[in-house]
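In what follows, a single structure is set out as structure tokens and then discussed.
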Amino acid sequence: MQSGAADALAVVHEHILVCTDCPLHLRRIQAVPGTGPAGARIMAVGEGPGETEDRLGRPFVGAAGNVLTKLLESIGLRREDIYITNVVKCRPPGNRDPEPAEMEACSHFLDAQIEIIRPDVILILGRHALARLLPGAGGISGLHGRRVVRGDRLYVPLYHPAAALYQGSLMRTLEDDMGKVRGYLDEAEARRRQPAQVAAPVRDAPASAPVVPPSLAEPLLRLVSPEPDEPALRLGSPDPVEPAPPEPPGRDQLSLF
Ligand code: SF4
């Protein structure tokens, strides 16, 4: 990857490490900017650091992190090739949910990371990251495993690995969804390798996927089906607010090893 991107990412990390823009800095041990190469083709975005992450300065290093690593390996990906970060870079006290003002204060860092890395696919881990990255798109129970195109970005919402630790049925769902991610990556890779003059932009759906007429689509938002025989979702307006799924246990409890 070009050193320019790596340098730019390093600058973002430096700013995060000394940031005091929201109250979360008051009780952190350290900020957790993110890990992975600036040239990563895949980015994974979770909610926020937990106890172990706060202590070690790296994201997804507890039990949930182990689940994520195994899921990535199940489709032939190495964790060290993925850029992993969170919506907020400092641990919310007691592992509570980050507050809207905290997510807003921190959002420019995530925006900068995405802009620098420009990944082929962004894996959205859990409902809080979904709400931050795709506001109004719908709930995680309806979108998990599907690819969502907004602007020139391709996202795949997934259940948070922590949820699968304590709700066994979600593990199978996560594994199935990761299997779909493999196919999305292969398509993205093929698209990127196409000659520039014939390359289809990311925002163009594959031929097999129905295209939502602009008049029906939410601006710049379109969902395409992960399977040719699965009907595409059409978003004329934001989905109704979905009841919150069972909250996974606090990240402290998940940092078992
Ligand atoms: S959570 Fe984000 S905005 Fe808040 S202090 Fe940490 S780096 Fe700064």
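Following the order of the structure tokens, chains are lettered A, B, ..., residues in each are numbered from 1, and ligands are numbered from 1.
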Per-residue nearest contacts segment 116-181 of chain A to segment 103-110 of chain A, cut-off 10 Å, using only C-alpha atoms, as JSON lines:
{"residue": "A:Ile116", "atom": "CA", "partner": "A:Leu110", "partner_atom": "CA", "distance": 9.9}
{"residue": "A:His128", "atom": "CA", "partner": "A:Met103", "partner_atom": "CA", "distance": 9.7}
{"residue": "A:Ala129", "atom": "CA", "partner": "A:Met103", "partner_atom": "CA", "distance": 9.7}
{"residue": "A:Arg132", "atom": "CA", "partner": "A:Met103", "partner_atom": "CA", "distance": 7.7}
{"residue": "A:Leu133", "atom": "CA", "partner": "A:Ser107", "partner_atom": "CA", "distance": 9.5}
(message) When DSSP is applied to the backbone of this structure, which of segment 90-209 of chain A are assigned strand (DSSP E)? Write them out as a PyMOL selection string.
(response) chain A and resi 121-125+147-150+153-158
(message) DSSP on the backbone: which residues in segment 2-164 of chain A end up as helix (DSSP H, G or I)? Give the answer as a PyMOL selection string.
(response) chain A and resi 3-17+23-26+51-56+63-74+79-81+93-95+100-117+127-133+140-143+161-164
Contact residues around segment 163-180 of chain A with only C-alpha atoms at 7 Å, ignoring same-chain residues under 5 positions, as a CSV table (one decimal) with C-alpha atoms, in the first residue's frame:
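File produced: out09.csv:
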chain,number,residue,atom,x,y,z
A,71,LEU,CA,-14.8,-16.2,11.6
A,75,ILE,CA,-13.4,-17.8,4.9
A,145,GLY,CA,-25.5,-10.9,6.1
A,158,LEU,CA,-23.3,-8.7,11.0
A,248,PRO,CA,-25.0,-9.1,24.9
(message) For ligand 1, return the neighbouring residues as a PyMOL selection string (distance at most 8 Å; only C-alpha atoms and all ligand atoms).
(response) chain A and resi 15-26+31-33+88-91+102-107+109
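Between Pro100 of chain A and the candidates A:Ile117, A:Val12, A:Ala5, A:Val87, the tightest atom-to-atom separation, counting only C-alpha atoms, involves A:Val87.
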(request) Please provide the set of residues having any atom within 8 Å of His160 of chain A, restricted to only C-alpha atoms, with same-chain residues fewer than 6 positions apart removed, written as a list in words. (result) Gly46, Leu125, Gly126 and Arg127 of chain A
Output for the residues just chosen: N, CA and C atoms as an mmCIF file, in the first residue's frame:
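Heads up, here's the output in part_16.cif:
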data_model
loop_
_atom_site.group_PDB
_atom_site.id
_atom_site.type_symbol
_atom_site.label_atom_id
_atom_site.label_comp_id
_atom_site.auth_asym_id
_atom_site.auth_seq_id
_atom_site.Cartn_x
_atom_site.Cartn_y
_atom_site.Cartn_z
ATOM 1 N N GLY A 46 -16.611 -2.186 15.034
ATOM 2 C CA GLY A 46 -17.429 -2.562 16.180
ATOM 3 C C GLY A 46 -17.923 -1.336 16.912
ATOM 4 N N LEU A 125 -20.178 -4.526 12.704
ATOM 5 C CA LEU A 125 -20.324 -5.517 13.767
ATOM 6 C C LEU A 125 -21.290 -5.010 14.842
ATOM 7 N N GLY A 126 -22.536 -5.418 14.719
ATOM 8 C CA GLY A 126 -23.502 -5.092 15.759
ATOM 9 C C GLY A 126 -24.352 -3.875 15.450
ATOM 10 N N ARG A 127 -25.383 -3.735 16.259
ATOM 11 C CA ARG A 127 -26.414 -2.732 15.976
ATOM 12 C C ARG A 127 -25.938 -1.306 16.194
#
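Taking atom CA of Val11 of chain A and atom CA of Ala112 of chain A as the two end points, the separation is 10.3 Å.
For the set A:Pro92, A:Pro119, A:Gly183, A:Pro98, the residue with the smallest atom-to-atom gap to Gln30 of chain A is A:Pro92, counting only C-alpha atoms.
Distance-wise, atom CA of Tyr83 of chain A and atom CA of Ala40 of chain A end up 5.9 Å apart.
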(message) Restricting the calculation to only C-alpha atoms: of A:Arg153, A:Leu123, A:Leu143, A:Thr85, which residue gets closest to Glu53 of chain A?
(response) A:Thr85
